[in-house]
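This is upload-v6.txt. It holds compact mmCIF, C-alpha atoms.
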```txt
# COMPACT_ATOMS: atom_id res chain seq x y z
CA MET A 129 199.98 154.56 92.95
CA SER A 130 198.56 151.37 94.43
CA SER A 131 198.49 148.23 92.38
CA PRO A 132 195.10 147.17 91.04
CA GLN A 133 194.79 144.31 93.50
CA GLN A 134 194.39 146.73 96.35
CA ILE A 135 191.51 148.57 94.76
CA ASN A 136 188.64 146.27 94.18
CA VAL A 137 188.86 145.96 90.44
CA ALA A 138 185.34 144.69 90.16
CA ASP A 139 184.18 148.06 91.39
CA LEU A 140 185.68 149.94 88.49
CA ASP A 141 183.60 150.30 85.37
CA LEU A 142 184.85 149.81 81.85
CA PRO A 143 186.31 153.23 81.00
CA GLN A 144 188.19 153.30 84.27
CA LEU A 145 189.46 149.81 83.67
CA ALA A 146 190.63 150.91 80.25
CA ASP A 147 192.51 153.77 81.87
CA VAL A 148 194.22 151.53 84.36
CA ARG A 149 195.14 149.18 81.58
CA LYS A 150 196.68 151.99 79.53
CA GLN A 151 198.70 153.05 82.55
CA LEU A 152 199.96 149.53 83.07
CA GLU A 153 200.93 149.28 79.44
CA GLU A 154 202.96 152.48 79.63
CA GLU A 155 204.72 151.32 82.77
CA LEU A 156 205.46 148.01 81.11
CA GLN A 157 206.94 149.80 78.13
CA HIS A 158 209.21 151.94 80.30
CA LEU A 159 210.38 148.93 82.23
CA THR A 160 211.10 147.01 79.06
CA THR A 161 213.14 149.87 77.62
CA SER A 162 215.13 150.12 80.84
CA PHE A 163 215.66 146.40 80.69
CA GLN A 164 217.05 146.63 77.18
CA GLN A 165 219.35 149.49 78.14
CA LEU A 166 220.69 147.53 81.08
CA LYS A 167 221.31 144.59 78.79
CA GLN A 168 223.27 146.81 76.44
CA ALA A 169 225.34 148.18 79.29
CA GLN A 170 226.09 144.68 80.42
CA ALA A 171 227.19 143.66 76.92
CA LYS A 172 229.49 146.68 76.80
CA PHE A 173 231.15 145.73 80.08
CA LYS A 174 231.61 142.22 78.81
CA THR A 175 233.46 143.48 75.74
CA CYS A 176 235.59 145.70 77.97
CA LEU A 177 236.50 142.60 79.92
CA GLU A 178 237.57 140.84 76.74
CA ASN A 179 239.54 143.88 75.64
CA VAL A 180 241.46 143.92 78.91
CA ALA A 181 242.34 140.31 78.29
CA GLU A 182 243.85 141.32 74.96
CA VAL A 183 246.36 143.63 76.59
CA LYS A 184 248.58 140.75 77.54
CA PRO A 185 252.38 140.50 77.68
CA ASP A 186 252.28 138.12 74.72
CA ASN A 187 251.18 141.02 72.60
CA LYS A 188 253.71 143.36 74.03
CA ASP A 189 256.14 143.44 71.18
CA ARG A 190 253.72 143.07 68.36
CA THR A 191 252.96 145.99 66.14
CA ILE A 192 249.45 147.26 66.57
CA LEU A 193 247.48 149.90 64.77
CA VAL A 194 246.81 152.66 67.24
CA PRO A 195 243.68 154.73 66.59
CA LEU A 196 244.44 158.42 66.84
CA THR A 197 241.04 159.58 65.67
CA ASN A 198 237.96 157.89 64.27
CA SER A 199 239.58 157.34 60.92
CA LEU A 200 243.32 157.62 61.58
CA TYR A 201 245.45 154.70 62.65
CA VAL A 202 249.19 154.71 63.20
CA PRO A 203 251.39 151.64 63.63
CA GLY A 204 252.79 151.33 67.11
CA LYS A 205 253.58 149.01 69.97
CA LEU A 206 251.91 148.44 73.31
CA ALA A 207 253.90 150.50 75.78
CA ASP A 208 252.38 149.14 78.91
CA ALA A 209 251.03 145.63 78.97
CA GLU A 210 250.39 145.59 82.68
CA ASN A 211 248.20 148.63 83.19
CA VAL A 212 245.09 149.96 81.57
CA ILE A 213 243.15 153.12 82.23
CA VAL A 214 239.55 152.68 83.25
CA ASP A 215 236.86 155.35 83.22
CA VAL A 216 235.21 154.99 86.61
CA GLY A 217 232.70 157.74 85.99
CA THR A 218 232.30 161.46 86.86
CA GLY A 219 235.42 162.32 84.87
CA TYR A 220 237.80 160.09 86.82
CA TYR A 221 240.18 157.81 85.00
CA VAL A 222 242.10 155.31 87.08
CA LYS A 223 245.18 153.42 85.98
CA LYS A 224 244.72 149.83 87.06
CA THR A 225 246.64 146.66 86.56
CA ARG A 226 245.05 144.16 84.26
CA THR A 227 243.79 141.99 87.07
CA GLU A 228 242.33 144.95 88.93
CA ALA A 229 240.61 146.11 85.75
CA GLN A 230 239.21 142.64 85.17
CA LYS A 231 237.88 142.56 88.70
CA HIS A 232 236.36 145.99 88.21
CA TYR A 233 234.50 145.00 85.08
CA THR A 234 233.42 141.67 86.47
CA SER A 235 231.90 143.36 89.50
CA LYS A 236 230.16 145.88 87.23
CA ILE A 237 228.73 143.04 85.19
CA ALA A 238 227.48 141.32 88.35
CA PHE A 239 225.91 144.55 89.60
CA VAL A 240 224.07 145.10 86.34
CA LYS A 241 222.98 141.50 86.36
CA GLY A 242 221.45 142.00 89.83
CA ASN A 243 219.52 144.99 88.54
CA LEU A 244 218.41 143.05 85.49
CA ASP A 245 217.02 140.26 87.62
CA ALA A 246 215.11 142.62 89.90
CA LEU A 247 213.72 144.40 86.84
CA GLN A 248 212.73 141.11 85.30
CA GLU A 249 210.71 140.26 88.40
CA THR A 250 208.94 143.60 88.36
CA ILE A 251 208.08 143.18 84.70
CA ALA A 252 206.67 139.71 85.35
CA LYS A 253 204.51 141.01 88.14
CA LYS A 254 203.18 143.85 86.03
CA GLN A 255 202.35 141.47 83.26
CA GLU A 256 200.43 139.32 85.74
CA ASN A 257 198.48 142.36 86.87
CA MET A 258 197.69 143.22 83.30
CA GLY A 259 196.44 139.72 82.62
CA TYR A 260 194.19 139.84 85.65
CA LEU A 261 192.87 143.24 84.63
CA VAL A 262 192.14 142.09 81.09
CA ASN A 263 190.21 139.13 82.47
CA VAL A 264 188.08 141.36 84.64
CA MET A 265 187.48 143.67 81.68
CA GLN A 266 186.36 140.81 79.48
CA ALA A 267 184.02 139.51 82.17
CA LYS A 268 182.52 142.97 82.52
CA MET A 269 182.10 143.39 78.79
CA GLN A 270 180.31 140.07 78.57
CA ALA A 271 178.07 140.98 81.48
CA GLN A 272 177.26 144.28 79.84
CA ALA A 273 176.52 142.66 76.50
CA GLN A 274 174.24 140.17 78.20
CA GLY A 275 172.54 142.88 80.19
CA GLN A 276 171.90 144.87 77.02
CA GLY A 277 170.63 141.80 75.23
CA GLN A 278 168.17 141.15 78.00
CA ALA A 279 167.05 144.76 78.10
CA GLN A 280 166.37 144.60 74.36
CA GLN A 281 164.42 141.42 74.70
CA ALA A 282 162.31 142.73 77.51
CA MET B 116 217.35 186.29 51.52
CA SER B 117 215.82 186.34 48.05
CA SER B 118 217.59 184.78 45.13
CA THR B 119 218.50 186.74 42.04
CA THR B 120 215.68 188.04 39.94
CA GLU B 121 216.84 185.90 37.04
CA GLN B 122 215.98 182.36 38.12
CA GLN B 123 216.07 179.66 35.56
CA GLU B 124 213.37 177.02 35.50
CA THR B 125 215.51 174.87 37.74
CA ASN B 126 218.26 175.90 40.08
CA PRO B 127 221.75 174.53 39.44
CA ARG B 128 220.97 171.27 41.25
CA GLY B 129 217.83 170.56 39.30
CA ILE B 130 215.19 171.72 41.78
CA PRO B 131 212.28 173.05 39.69
CA ARG B 132 211.21 176.57 40.36
CA ALA B 133 207.69 177.12 41.62
CA PRO B 134 205.77 179.57 39.43
CA PHE B 135 204.07 182.38 41.23
CA ILE B 136 200.52 182.71 39.98
CA ALA B 137 199.78 186.39 39.68
CA ASP B 138 196.41 185.95 37.98
CA VAL B 139 194.53 182.94 39.26
CA GLU B 140 191.84 183.03 36.62
CA GLN B 141 194.31 183.18 33.79
CA HIS B 142 196.30 180.26 35.20
CA LEU B 143 193.17 178.15 35.63
CA GLY B 144 191.92 178.99 32.14
CA GLY B 145 188.48 180.35 32.78
CA PRO B 146 185.95 181.46 35.37
CA ASP B 147 184.13 178.14 35.51
CA VAL B 148 186.98 175.69 35.85
CA GLU B 149 187.07 173.32 38.80
CA ILE B 150 189.91 174.01 41.17
CA GLU B 151 190.26 170.44 42.44
CA PRO B 152 192.84 169.15 39.95
CA VAL B 153 194.86 172.33 40.23
CA LEU B 154 194.90 172.12 44.01
CA ASN B 155 195.96 168.49 43.79
CA GLN B 156 198.77 169.49 41.50
CA PHE B 157 199.96 172.03 44.04
CA GLN B 158 199.76 169.51 46.83
CA ASP B 159 201.86 167.08 44.83
CA ALA B 160 204.49 169.69 44.15
CA LEU B 161 204.50 170.63 47.83
CA ALA B 162 204.96 167.00 48.83
CA LYS B 163 207.89 166.70 46.48
CA TYR B 164 209.51 169.82 47.84
CA ARG B 165 209.03 168.64 51.40
CA TYR B 166 210.55 165.27 50.60
CA MET B 167 213.57 166.97 49.05
CA GLU B 168 213.83 169.20 52.08
CA ASN B 169 213.94 166.22 54.42
CA ASN B 170 216.55 164.57 52.27
CA LEU B 171 218.78 167.61 52.23
CA THR B 172 218.39 168.18 55.96
CA GLN B 173 219.54 164.65 56.66
CA ARG B 174 222.51 164.99 54.35
CA ARG B 175 223.45 168.26 55.95
CA GLN B 176 223.41 166.73 59.42
CA GLY B 177 225.63 163.90 58.23
CA LEU B 178 228.08 166.37 56.75
CA GLU B 179 228.09 168.52 59.88
CA GLU B 180 229.14 165.46 61.83
CA LYS B 181 231.81 164.41 59.40
CA ILE B 182 233.54 167.74 58.94
CA PRO B 183 234.94 168.14 62.50
CA ASP B 184 236.11 164.53 62.29
CA ILE B 185 238.03 165.17 59.09
CA LYS B 186 239.53 168.33 60.61
CA LYS B 187 240.73 166.40 63.64
CA THR B 188 242.28 163.67 61.54
CA LEU B 189 243.96 166.20 59.30
CA SER B 190 245.49 168.09 62.22
CA MET B 191 246.73 164.81 63.73
CA VAL B 192 248.47 163.80 60.53
CA GLU B 193 250.01 167.25 60.20
CA TYR B 194 251.25 166.98 63.77
CA LEU B 195 252.81 163.62 63.03
CA GLN B 196 254.54 165.08 60.03
CA GLU B 197 255.87 167.97 62.08
CA ARG B 198 257.35 165.53 64.55
CA ARG B 199 259.04 163.61 61.82
CA GLU B 200 260.49 166.75 60.38
CA GLY B 201 261.60 167.79 63.82
CA LYS B 202 263.30 164.44 64.16
CA LYS B 203 265.24 164.78 60.95
CA VAL B 204 266.58 168.19 61.89
CA LYS B 205 267.89 167.05 65.27
CA LYS B 206 268.89 170.42 66.50
CA ASP B 207 265.59 172.00 65.53
CA ASP B 208 264.64 174.29 68.39
CA GLU B 209 261.07 174.85 67.32
CA ASP B 210 259.97 171.55 68.80
CA ASP B 211 261.57 172.09 72.16
CA LEU B 212 259.58 174.37 74.38
CA ASP B 213 261.33 173.27 77.58
CA GLU B 214 265.02 173.64 78.18
CA ASP B 215 265.56 170.42 80.10
CA ASP B 216 268.46 168.18 79.37
CA ASP B 217 266.06 165.52 78.44
CA ASP B 218 263.26 167.05 76.43
CA PRO B 219 259.87 165.64 77.44
CA GLU B 220 259.20 164.96 73.82
CA ASP B 221 262.69 164.28 72.60
CA PRO B 222 262.35 163.76 68.89
CA LYS B 223 264.60 160.74 69.33
CA LYS B 224 262.14 159.02 71.69
CA PRO B 225 258.98 157.57 70.23
CA LEU B 226 255.66 159.17 70.99
CA ARG B 227 253.62 157.81 73.88
CA THR B 228 249.91 158.02 73.73
CA THR B 229 246.82 156.71 75.44
CA PHE B 230 244.35 155.28 73.03
CA GLU B 231 240.82 154.04 73.28
CA LEU B 232 240.32 150.27 73.36
CA ASN B 233 236.69 150.59 74.31
CA GLU B 234 234.35 153.18 75.66
CA THR B 235 235.61 153.09 79.23
CA LEU B 236 238.92 151.40 78.57
CA TYR B 237 242.18 153.00 77.50
CA ALA B 238 245.69 151.66 77.12
CA GLU B 239 249.13 153.11 76.58
CA ALA B 240 251.06 152.64 73.41
CA GLU B 241 254.23 153.85 71.76
CA LEU B 242 253.87 155.14 68.28
CA GLU B 243 256.50 153.91 65.90
CA ASP B 244 258.02 156.46 63.69
CA ALA B 245 256.64 155.31 60.40
CA ASP B 246 256.15 157.42 57.36
CA THR B 247 252.85 155.69 56.71
CA VAL B 248 249.49 156.28 58.30
CA TYR B 249 246.36 154.25 57.83
CA LEU B 250 243.12 155.94 56.97
CA TRP B 251 239.73 154.37 57.52
CA LEU B 252 237.69 155.27 54.49
CA GLY B 253 234.49 153.61 55.66
CA ALA B 254 232.67 150.56 54.26
CA ASN B 255 235.28 148.21 55.76
CA VAL B 256 238.00 149.82 53.70
CA MET B 257 241.27 151.01 55.18
CA LEU B 258 244.21 152.19 53.14
CA SER B 259 247.75 153.06 54.05
CA TYR B 260 249.16 156.34 52.86
CA LYS B 261 252.49 158.06 53.09
CA ILE B 262 252.12 161.07 55.30
CA PRO B 263 252.19 163.77 52.59
CA ALA B 264 249.68 161.83 50.49
CA ALA B 265 247.46 161.42 53.53
CA ILE B 266 247.54 165.13 54.19
CA GLU B 267 246.57 165.82 50.58
CA LEU B 268 243.73 163.32 50.68
CA LEU B 269 242.34 164.61 53.93
CA GLN B 270 242.57 168.20 52.77
CA SER B 271 240.69 167.42 49.59
CA LYS B 272 238.04 165.46 51.52
CA LEU B 273 237.62 168.39 53.83
CA ASP B 274 237.26 170.82 50.95
CA VAL B 275 234.71 168.66 49.18
CA ALA B 276 232.71 168.23 52.37
CA GLN B 277 232.69 171.94 53.08
CA HIS B 278 231.70 172.73 49.52
CA ASN B 279 228.87 170.20 49.69
CA LEU B 280 227.72 171.68 52.96
CA SER B 281 227.47 175.15 51.47
CA THR B 282 225.59 173.91 48.39
CA ILE B 283 223.19 171.95 50.54
CA THR B 284 222.56 174.95 52.74
CA SER B 285 221.82 177.17 49.76
CA ASP B 286 219.62 174.47 48.26
CA LEU B 287 217.67 174.27 51.47
CA GLU B 288 217.09 178.00 51.44
CA TYR B 289 215.93 177.83 47.86
CA LEU B 290 213.59 174.95 48.68
CA LYS B 291 212.06 176.83 51.56
CA GLU B 292 211.30 179.70 49.22
CA GLN B 293 209.64 177.39 46.73
CA VAL B 294 207.57 175.77 49.45
CA THR B 295 206.33 179.17 50.55
CA ILE B 296 205.47 180.12 46.97
CA MET B 297 203.48 176.92 46.48
CA GLU B 298 201.62 177.41 49.72
CA VAL B 299 200.77 180.97 48.76
CA ASN B 300 199.54 179.74 45.37
CA THR B 301 197.34 177.15 47.02
CA ALA B 302 195.88 179.76 49.32
CA ARG B 303 195.23 182.18 46.44
CA VAL B 304 193.53 179.60 44.24
CA PHE B 305 191.39 178.50 47.14
CA ASN B 306 190.42 182.07 48.02
CA TRP B 307 189.67 182.84 44.40
CA ASP B 308 187.36 179.86 44.32
CA VAL B 309 185.61 180.95 47.48
CA LYS B 310 185.13 184.42 46.01
CA ARG B 311 183.84 182.95 42.79
CA ARG B 312 181.29 180.78 44.56
CA ARG B 313 180.11 183.75 46.56
CA GLU B 314 179.74 185.88 43.44
CA ARG B 315 177.92 183.06 41.73
CA LYS B 316 175.48 182.79 44.60
CA GLU B 317 174.90 186.54 44.63
CA ARG B 318 174.26 186.50 40.89
CA GLU B 319 171.82 183.66 41.21
CA ALA B 320 170.15 185.35 44.16
CA SER B 321 169.76 188.62 42.23
CA LEU B 322 168.53 186.71 39.14
CA GLY B 323 166.09 184.87 41.36
CA LYS B 324 164.76 188.14 42.70
CA LYS B 325 164.20 189.57 39.26
CA SER B 326 162.24 186.61 37.96
```
Here is a file; write its structure as structure tokens.
Amino acid sequence: MSSPQQINVADLDLPQLADVRKQLEEELQHLTTSFQQLKQAQAKFKTCLENVAEVKPDNKDRTILVPLTNSLYVPGKLADAENVIVDVGTGYYVKKTRTEAQKHYTSKIAFVKGNLDALQETIAKKQENMGYLVNVMQAKMQAQAQGQGQAQQA
Amino acid sequence: MSSTTEQQETNPRGIPRAPFIADVEQHLGGPDVEIEPVLNQFQDALAKYRYMENNLTQRRQGLEEKIPDIKKTLSMVEYLQERREGKKVKKDDEDDLDEDDDDPEDPKKPLRTTFELNETLYAEAELEDADTVYLWLGANVMLSYKIPAAIELLQSKLDVAQHNLSTITSDLEYLKEQVTIMEVNTARVFNWDVKRRRERKEREASLGKKS
């Protein structure tokens, strides 16, 4: 699907322009949703990073409430303040030290950030295209209105 | 799946019964009555039934989510209690499945578990042997209970939830019946009106021919 700048937009008439515009709007919506989802994922990783920081030796002997299910908590103590278990995807859980886990989440956050930036650029470009398209549409509509006015006068 | 032949005006939860109109003309009150207001009435009743149906469906989904949760929590608390009882009776052989010198889950050693800190993050903890558990009751409320009391509470919650689920399911069935009855009524009144108009036209046509 080529971008509108490669087809000569002035050649398209109004209904076709409306179609292209609808298509652009849909694409924009998809991209925006993906953007939001990426943002959410990034926020989640950030909280994971904070959580890892909580598992520190200072807390080792303090009593914590351990969740056993969604609504059941039992008092307990941190058994292992050096290692945490990280879900690295596809059903694999890896025991990492705290620093390794922090590195892992930080790199995930950076990766998502890269994707976010690229997505942001694409969204900006699409919005530009849309603006250009709308301009052309308006020009055409005016020309048509004028043409009709003249035809009525004549 | 029909209900008993003796239905009261409302079912036990207050859902009004839809009357089945056997004789349209009698219900309307005469051969020349306009059907519009009656049809509107039916539409209103239908809308109400549909709204109730949506409501009940939502509630049922909520319950269906909660019930497995409550079951899990209940079985966890029961397991904790078993361990405690196993601990008190030190030579209880029921707990020991292996015959090592050091049992993997020696009732003297505290219980080790991995718990969820966050969606992709888990940590290890040792569970103290307390006789109290904490139950999250929702709405930012958490209470501590002794283990037997917790078991009682969870069991009663489970029973109530299951009972509600069965009432809601039967209510939904009842509602669907009423919706069908109302739709059938609407169709019958409408058809009766169509027939009446046709007969009227024929009468007028035959009268016209005579004169």
For Asn169 in chain B: contacts at 12 Å, only C-alpha atoms, fewer than 6 positions along chain excluded, given as an MDAnalysis selection string | chainID B and resid 162:163 175:176 283 286:287 290:291
If you count only C-alpha atoms, the residue of A:Gln266, A:Gln272, A:Asn243, A:Thr234 closest to Gln165 in chain A turns out to be A:Asn243
Select all residues from chain B having any atom no more than 8 Å from an atom of chain A (counting all atoms listed in the file, ignoring ligands), output as a VMD selection string.
-> chain B and resid 184 187 to 188 191 227 230 to 243 245 247 to 252
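Here CA of Gln157 in chain A stands at a distance of 9.4 Å from CA of Ile251 in chain A.
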Spatial neighbours of Leu143 in chain B, 12 Å, all atoms listed in the file, chain gap at least 4 places, as a ChimeraX atom specification = /B:136-139,147-154,156,300,303-305,307-308
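Atom to atom, CA of Leu166 in chain A and CA of Asn255 in chain B stand 29.2 Å apart.
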Closest of A:Gln278, A:Thr250, A:Gln270, A:Asn263 to Leu156 in chain A - atom-to-atom distances counting only C-alpha atoms |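 For Leu156 in chain A, the nearest of the candidates is A:Thr250.
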For Val299 in chain B, which of B:Ile130, B:Leu161, B:Ala276, B:Leu178 is the closest residue, counting all atoms listed in the file?
->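 Comparing B:Ile130, B:Leu161, B:Ala276, B:Leu178 against Val299 in chain B, the winner is B:Leu161.
Picture a line from CA of Val264 in chain A to CA of Leu142 in chain A; it runs 9.5 Å.
Taking all atoms listed in the file into account, those protein, DNA and RNA residues with any atom at most 12 Å away from (194.5, 139.7, 84.7) amount to Pro132, Gln133, Val137, Ala138, Leu145, Val148, Arg149, Leu152, Lys253, Lys254, Gln255, Glu256, Asn257, Met258, Gly259, Tyr260, Leu261, Val262, Asn263, Val264, Met265, Gln266 and Ala267 of chain A.
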Counting only C-alpha atoms, the option among A:Glu155, A:Pro185, A:Gln164, A:Ala279 closest to Arg226 in chain A =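 Looking at the shortest contact to Arg226 in chain A, the residue is A:Pro185.
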Which residues are near Lys167 in chain A? Cut-off 9 Å, all atoms listed in the file, ignore same chain within fewer than 5 positions. Put them as a compact mmCIF listing (two decimals) with C-alpha atoms, in the coordinates of the input.
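Result file follows (result22.txt):
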```txt
# COMPACT_ATOMS: atom_id res chain seq x y z
CA SER A 162 215.13 150.12 80.84
CA LYS A 172 229.49 146.68 76.80
CA VAL A 240 224.07 145.10 86.34
CA LYS A 241 222.98 141.50 86.36
CA LEU A 244 218.41 143.05 85.49
```
Rank A:Ile237, A:Leu247, A:Ala271, A:Ala171 by their smallest atom-to-atom distance to His158 in chain A, using all atoms listed in the file, and report the top residue only.
->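 Looking only at the distances to His158 in chain A, the closest residue turns out to be A:Leu247.
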For range 246-259 of chain A, what centre and edge lengths in Å (one decimal) does the axis-aligned box get once 8 Å is added on each side of all its listed atoms, as AutoDock Vina command-line options?
```
--center_x 205.8 --center_y 141.9 --center_z 86.3 --size_x 34.7 --size_y 21.1 --size_z 23.3
```
